[in-house]
Each structure stands twice: as C-alpha cells, then as structure tokens.
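Novice: My questions all concern the structure below.
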Amino acid sequence: MIENLDGIFETVNFKQSTTVKLYDNDEYEDYPLHWHPALEIVMPTANGYRMHFSNTEVELREGDICIVCPGCLHGMFAPENGRRIIFQSNTNFLRFMREVEVLISFMSPYCIITPEDYPTIHETLRGYMIDIKDVYNSGAAFAEVTIYSKLLEMLVLIGKNYSNRKNVAEDYYPAARDEYATKFVEICDYINAHCSEDLKLDDVANMSGFSKFYFERLFKQFTGTSFYKYVNQKRIFKAQELLIEPGNSVTDVALNCGFTSISSFIRMFKLQKGCTPTEFKSMYWSTDTANMNA
C-alpha cells in the first residue's frame with residue numbers, strides 16, 4: 001500500500017491528474033511508522049484496525065474513523081482478515097480557509113470519530129466515506145470535485161461538533177460554548193500567524209479576556225493540547241515547510257520558527273517527527289531527486 005517510502009517519509013502517489021488517493025484495502029500487511037504531507041482518513045469496513053502513533057496505539061473498530069493530520073507520524077497494523085478504506089488528499093489549498101486550518105490544528109496529530117464521542121454526526125460521516133469510495137471508483141466526470149466537496153462537508157460537521165466531544169467541560173451553557181469556540185478559533189488563528197514570535201501564555205490569555213488559569217483550561221479543552229505544545233506544533237509545521245526550501249540551513253530555520261537554541265529545536269523536531277531536521281531535509285531531497293529522475 002505504501003508505494004514510495006524513503007526512511008519514514010512517504011511520497012503519496014495520487015491518482016493520475018488528481019490530488020486524491022483511495023485504497024479499498026484488505027491486505028494482511030503492517031505499515032511501519034511514517035509520515036506524509038497529505039491528510040489521511042482511515043475507516044475499517046470489516047473487522048478492526050490498529051493505528052500506532054509516536055506515543056500511543058489506538059484500536060479502531062468497524063465503522064470508527066481516524067483522521068491523520070498532515071505531518072503526523074503513524075503506523076498501521078492489519079488483522080488477518082479485514083477491510084478498510086484508506087483515503088489520502090492534498091489539503092494545501094483548503095487550508096487557505098482560516099477555519100479549515102484551525103480545525104486541522106485542533107485535530108492534530110490525529111482525531112478518532114466514534115459513535116460514542118460523536119453520536120449526532122458519526123453515521124453521516126461514515127456515509128460520506130462510503131460515498132467518497134464510490135465516487136473515486138466510478139471515474140465519473142467531476143469526481144475529484146465531488147470528493148473534495150464531501151471532504152469539506154465532513155470537516156464542517158466535525159468543526160461544528162468538535163467542542164461537544166467528551167473532554168470538553170459542561171460547566172457553561174451551550175450559547176457560551178459557541179461563543180468560546182468562536183473566540184478560540186480567532187486565538188488559534190493568531191497563534192498560527194505569529195508562532196515564530198515569542199508568544200507568552202500570559203499575553204495571549206490577556207488577549208482572550210480570560211484569566212491565565214481559566215484560559216489554560218479552556219484552551220486545552222478546545223484544542224486537546226496545552227498552549228505551549230500547540231505553539232510548538234505550529235513552529236515545527238512551519239519548520240517543515242522551510243526545511244524543504246533550498247538554501248535554508250537548520251540554524252536559519254530554527255531562528256525563523258521561534259526557537260531560541262538549535263538544541264531545543266532539534267529536540268522538539270525529533271520528538272514530533274521521529275527524525276532530526278537534518279535527516280528530514282536529507283530524506284525530502286533524496287525523494288524529490290529520485291522523483292525528478294524517474
């Protein structure tokens with residue numbers, strides 16, 4: 001299933017003349033830890049499937065949906081008998097929409113959609129995945145456009161229901177929850193734009209109008225991670241983009257992404273990506289050169 005793997009970096013071979021790829025996969029084969037710039041959605045349709053991430057493992061049941069965000073290190077382990085949809089797409093052009101970018105940041109590194117955590121939308125999302133598979137295999141006119149329209153519908157549903165997941169506190173009214181969700185989309189948008197700067201928790205909390213401690217609590221509930229971990233995720237994502245540009249040294253990238261020392265940058269990069277910035281740069285360029293010579 002992984003057609004082009006260099007070290008831990010997968011080059012996704014999208015369907016010809018498109019930016020999508022789908023496998024109706026029934027292989028009894030494991031896939032090692034790897035990452036790619038594409039968004040990936042995995043849904044078992046017969047039996048379960050085991051997903052391994054850098055620090056945890058997740059057992060997917062039949063019908064559960066796992067969204068693997070771009071850049072997330074992950075591996076997959078198949079049962080002897082089973083089937084699953086594995087859908088990959090390039091979302092770069094979608095991420096120019098502020099809410100899509102923030103939602104992917106919220107879900108990062110991955111998000112599991114189950115009937116228990118998302119009871120009002122799970123069945124609809126499962127239906128969209130089946131629709132995407134059918135459209136992909138149909139070869140009909142405007143198939144790619146149809147697929148992306150369904151993907152956007154999925155993201156809209158997830159975004160509108162994200163604050164209702166089980167780890168969000170219920171100590172405020174639904175109207176307040178909606179207001180807070182809007183506020184935190186704006187806050188995350190600000191962090192995304194200014195992550196290379198010296199962002200301090202106290203300053204961003206003051207911008208939100210909440211006390212530092214209440215802000216910390218709400219931020220973790222809405223994003224699933226702490227303030228500083230979120231900032232570092234955005235810095236490492238920006239670092240990936242800079243590392244693949246010719247002429248950028250690891251030192252330049254570290255300083256341009258808000259890290260005060262090379263050692264802290266290397267440590268954080270390896271923690272999130274499973275390799276050093278130098279190894280990442282080498283893997284990308286060796287893969288890119290191989291593709292140009294093919």
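By order of appearance in the structure tokens: chains A, B, ..., then residues from 1 within every chain, and ligands from 1 in the order shown.
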Skip Ala78 (chain A) itself and residues of its chain fewer than 5 positions away, then list as an NGL selection string all residues within 7 Å of it, counting only C-alpha atoms.
Specialist: :A and (28-30 or 49-50)
Novice: For Asp26 (chain A), work out the shell of residues within 10 Å, counting only C-alpha atoms and skipping chain neighbours fewer than 5 positions away, then give it as a list in words.
Specialist: Pro44, Thr45, Ala46, Ala78, Pro79, Glu80, Asn81, Gly82, Arg83, Arg84 and Ile85 of chain A
Novice: Name the residues of region 205-238 of chain A that come out as alpha helix (DSSP H) in a backbone DSSP run; write them as a PyMOL selection string.
Specialist: chain A and resi 205-208+212-223+227-238
Novice: Using C-alpha atoms, can you export the residues from the last selection as an mmCIF file, in the first residue's frame?
Specialist:
data_model
loop_
_atom_site.group_PDB
_atom_site.id
_atom_site.type_symbol
_atom_site.label_atom_id
_atom_site.label_comp_id
_atom_site.auth_asym_id
_atom_site.auth_seq_id
_atom_site.Cartn_x
_atom_site.Cartn_y
_atom_site.Cartn_z
ATOM 1 C CA ALA A 205 -4.603 34.894 27.829
ATOM 2 C CA ASN A 206 -4.969 38.664 28.260
ATOM 3 C CA MET A 207 -5.960 38.952 24.595
ATOM 4 C CA SER A 208 -8.718 36.399 25.182
ATOM 5 C CA LYS A 212 -4.445 32.774 32.780
ATOM 6 C CA PHE A 213 -5.681 29.673 34.590
ATOM 7 C CA TYR A 214 -9.140 29.664 33.006
ATOM 8 C CA PHE A 215 -7.602 30.278 29.593
ATOM 9 C CA GLU A 216 -5.239 27.325 30.039
ATOM 10 C CA ARG A 217 -8.148 25.073 30.936
ATOM 11 C CA LEU A 218 -10.381 26.171 28.059
ATOM 12 C CA PHE A 219 -7.547 26.129 25.537
ATOM 13 C CA LYS A 220 -6.727 22.509 26.315
ATOM 14 C CA GLN A 221 -10.399 21.552 26.144
ATOM 15 C CA PHE A 222 -10.874 23.098 22.706
ATOM 16 C CA THR A 223 -7.567 22.078 21.140
ATOM 17 C CA PHE A 227 -0.876 26.170 24.937
ATOM 18 C CA TYR A 228 2.877 25.667 24.595
ATOM 19 C CA LYS A 229 2.538 22.254 22.938
ATOM 20 C CA TYR A 230 0.188 23.816 20.400
ATOM 21 C CA VAL A 231 2.641 26.632 19.707
ATOM 22 C CA ASN A 232 5.463 24.138 19.225
ATOM 23 C CA GLN A 233 3.331 22.040 16.858
ATOM 24 C CA LYS A 234 2.794 25.108 14.678
ATOM 25 C CA ARG A 235 6.503 26.005 14.827
ATOM 26 C CA ILE A 236 7.530 22.509 13.741
ATOM 27 C CA PHE A 237 4.967 22.538 10.931
ATOM 28 C CA LYS A 238 6.406 25.837 9.712
#
Novice: Could you give me the residues within region 2-197 of chain A that DSSP places in strand (DSSP E), as an MDAnalysis selection string?
Specialist: chainID A and resid 5:6 9:10 20:25 31:34 39:46 49:53 57:60 65:68 74:77 83:89 110:113
Novice: Looking at only C-alpha atoms, which of A:Ala143, A:Cys72, A:Val250, A:Cys195 is the one that sits closest to Tyr110 (chain A)?
Specialist: A:Cys72
Novice: Skip Arg95 (chain A) itself and residues of its chain fewer than 4 positions away, then list as a PyMOL selection string all residues within 12 Å of it, counting only C-alpha atoms.
Specialist: chain A and resi 38-39+70+90-91+99-105+152+155+189+192
Novice: What does the file look like for those residues with C-alpha atoms, as an mmCIF file, in the first residue's frame?
Specialist:
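Generated file (part06.cif):
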data_model
loop_
_atom_site.group_PDB
_atom_site.id
_atom_site.type_symbol
_atom_site.label_atom_id
_atom_site.label_comp_id
_atom_site.auth_asym_id
_atom_site.auth_seq_id
_atom_site.Cartn_x
_atom_site.Cartn_y
_atom_site.Cartn_z
ATOM 1 C CA ALA A 38 -1.322 14.553 2.909
ATOM 2 C CA LEU A 39 -4.386 14.330 5.120
ATOM 3 C CA PRO A 70 -0.565 16.141 7.729
ATOM 4 C CA ASN A 90 -3.700 17.114 -0.545
ATOM 5 C CA THR A 91 -5.357 19.805 1.572
ATOM 6 C CA GLU A 99 -11.415 27.658 9.776
ATOM 7 C CA VAL A 100 -10.063 24.610 7.924
ATOM 8 C CA GLU A 101 -6.512 25.413 9.032
ATOM 9 C CA VAL A 102 -7.605 25.912 12.644
ATOM 10 C CA LEU A 103 -9.670 22.704 12.648
ATOM 11 C CA ILE A 104 -6.707 20.678 11.378
ATOM 12 C CA SER A 105 -4.631 22.262 14.133
ATOM 13 C CA LEU A 152 -15.381 19.733 3.137
ATOM 14 C CA LEU A 155 -14.777 18.936 8.043
ATOM 15 C CA ASP A 189 -5.622 31.815 14.019
ATOM 16 C CA ASN A 192 -0.796 30.219 13.610
#
Novice: Measuring between only C-alpha atoms, which one of A:Val58, A:Ile191, A:Leu243, A:Met51 shows the shortest distance to Gly75 (chain A)?
Specialist: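 Residue with the minimum atom-to-atom distance to Gly75 (chain A): A:Met51.
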Novice: Counting only C-alpha atoms, figure out which residue out of A:Ser264, A:Asn25, A:Thr19, A:Ser108 gets nearest to Ile86 (chain A).
Specialist: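 The shortest atom-to-atom distance to Ile86 (chain A) comes from A:Asn25.
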Novice: Identify which of the residues A:Asp117, A:Glu27, A:Glu144, A:Asp252 lies closest to Ile65 (chain A), counting only C-alpha atoms when measuring atom-to-atom distances.
Specialist: A:Asp117
Novice: One decimal, in Å: what's the spacing between CA of Asp202 (chain A) and CA of Thr260 (chain A)?
Specialist: 19.0 Å
Novice: Find the residue from A:Pro277, A:Val20, A:Met97, A:Phe53 that sits nearest to Ser263 (chain A); use only C-alpha atoms when measuring.
Specialist: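 Among A:Pro277, A:Val20, A:Met97, A:Phe53, it is A:Pro277 that comes nearest to Ser263 (chain A).
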Novice: Quote the spacing between CA of Pro109 (chain A) and CA of Arg267 (chain A) in Å to one decimal place.
Specialist: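 Those two atoms sit 17.8 Å apart.
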